[in-house]
Every structure is written in C-alpha cells, then in structure tokens.
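**Student:** Just passing along the structure, written as structure tokens.
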Amino acid sequence: LKSQGMIENKGFFAALAGIALMTRTSSASGNSGKDFLLSVIPMVIVGGTSMAGGKGGAIKTVFGVVLLSMVYNAMTYFDIPAMMQPFIKGLILCVVVVADKYMERRHEKV
C-alpha cells in the first residue's frame, strides 16, 4: 500500500506540471513537453542523481536545475541560433552522462 501512495504522488505532480505548462503556453496538447526531456535529464544528473539510481536528493536537483537553466538562458542571451541549441543541449547531456559513469566507476574502485 505504501508504493501506491508514491504512484499517486507522482501522478499528482505530473498533473500539476501539466497544468503549469498549459497555463504558460495557453494551450493543451499531449506532445507539449516532449522536448523538455533533453533539458531535464542533464539538470537532474548535475544535481547529483546517479544514472544507476539510489543517489540524489531534491535540494541538489534544484541546484542542478538552477545551474543549467542559467546555461540555457545564456544561450538565448548570446544569440546562439535556435537550431544549434538542441545540439548543445545534447552535447551537455553526453558530457554529463559520461562524467556520471566515470564517477560511478571511480567510487566502485574505492
């Protein structure tokens, strides 16, 4: 029964995020947030959550979100073309995943 509560909480927060996105864009679509995944995964990993699972925390994730949000906003501020921004976000994702795997292996050896 405890795991059902976790599922219900996740559903609640997913619905809350959907409502926030809908009010921000003044429209509703099932495909609205599909492009956010490329931005969100590096934010969570930079915040300290391991790709292997079992590590991380909400406060650290907030710091990861703030840090990479500033990087993403800087790309717009410095007039990096909109067509290049997903490429740069993909590069950031690759670097973060490789660094996470490196750190994971480093901690296994110790």
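Letters A, B, ... mark the chains of the structure tokens in the order given; residue numbers begin at 1 per chain; ligand numbers begin at 1, in order shown.
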From the DSSP assignment of the backbone, select every residue of chain A that is alpha helix (DSSP H), and format the answer as a PyMOL selection string.

**Tutor:** chain A and resi 2-25+37-46+58-77+85-109

**Student:** Quick one: residues within 12 Å of Cys94 (chain A), only C-alpha atoms, excluding same-chain residues fewer than 2 positions away - as a list in words?

**Tutor:**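 The filter keeps Leu38, Ser39, Ile41, Pro42, Ile45, Val46, Phe87, Ile88, Lys89, Gly90, Leu91, Ile92, Val96, Val97, Val98, Ala99, Asp100 and Lys101 of chain A.
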
**Student:** Emit the selected residues as a PDB file, in the first residue's frame, including C-alpha atoms.

**Tutor:**
ATOM      1  CA  LEU A  38      16.659  16.799 -23.393  1.00  0.00           C
ATOM      2  CA  SER A  39      16.857  19.666 -20.927  1.00  0.00           C
ATOM      3  CA  ILE A  41      17.878  14.814 -17.725  1.00  0.00           C
ATOM      4  CA  PRO A  42      21.171  16.785 -17.510  1.00  0.00           C
ATOM      5  CA  ILE A  45      22.244  14.379 -13.192  1.00  0.00           C
ATOM      6  CA  VAL A  46      24.139  17.614 -12.499  1.00  0.00           C
ATOM      7  CA  PHE A  87      22.672  20.222 -30.382  1.00  0.00           C
ATOM      8  CA  ILE A  88      24.428  21.992 -27.496  1.00  0.00           C
ATOM      9  CA  LYS A  89      21.923  20.542 -25.009  1.00  0.00           C
ATOM     10  CA  GLY A  90      22.666  17.092 -26.449  1.00  0.00           C
ATOM     11  CA  LEU A  91      26.395  17.683 -26.008  1.00  0.00           C
ATOM     12  CA  ILE A  92      25.812  18.729 -22.406  1.00  0.00           C
ATOM     13  CA  VAL A  96      27.105  14.739 -18.036  1.00  0.00           C
ATOM     14  CA  VAL A  97      26.310  11.050 -18.641  1.00  0.00           C
ATOM     15  CA  VAL A  98      29.972  10.208 -19.337  1.00  0.00           C
ATOM     16  CA  ALA A  99      31.052  12.124 -16.212  1.00  0.00           C
ATOM     17  CA  ASP A 100      28.409  10.292 -14.158  1.00  0.00           C
ATOM     18  CA  LYS A 101      29.661   6.908 -15.378  1.00  0.00           C
TER      19      LYS A 101
END

**Student:** Would you kindly return, as number ranges by chain, each protein, DNA or RNA residue with an atom no farther than 7 Å from any atom of region 57-71 of chain A, considering only C-alpha atoms and excluding same-chain residues fewer than 4 positions away?

**Tutor:** A: 43-44, 46-49, 75

**Student:** Please provide the set of residues having any atom within 12 Å of Asn31 (chain A), restricted to only C-alpha atoms, with same-chain residues fewer than 6 positions apart removed, written as a PyMOL selection string.

**Tutor:** chain A and resi 18+21-22+37

**Student:** Using only C-alpha atoms, which residue out of A:Met103, A:Ile19, A:Ala52, A:Ile80 lies closest to Ser32 (chain A)?

**Tutor:**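 Nearest candidate to Ser32 (chain A) out of A:Met103, A:Ile19, A:Ala52, A:Ile80: A:Ile19.
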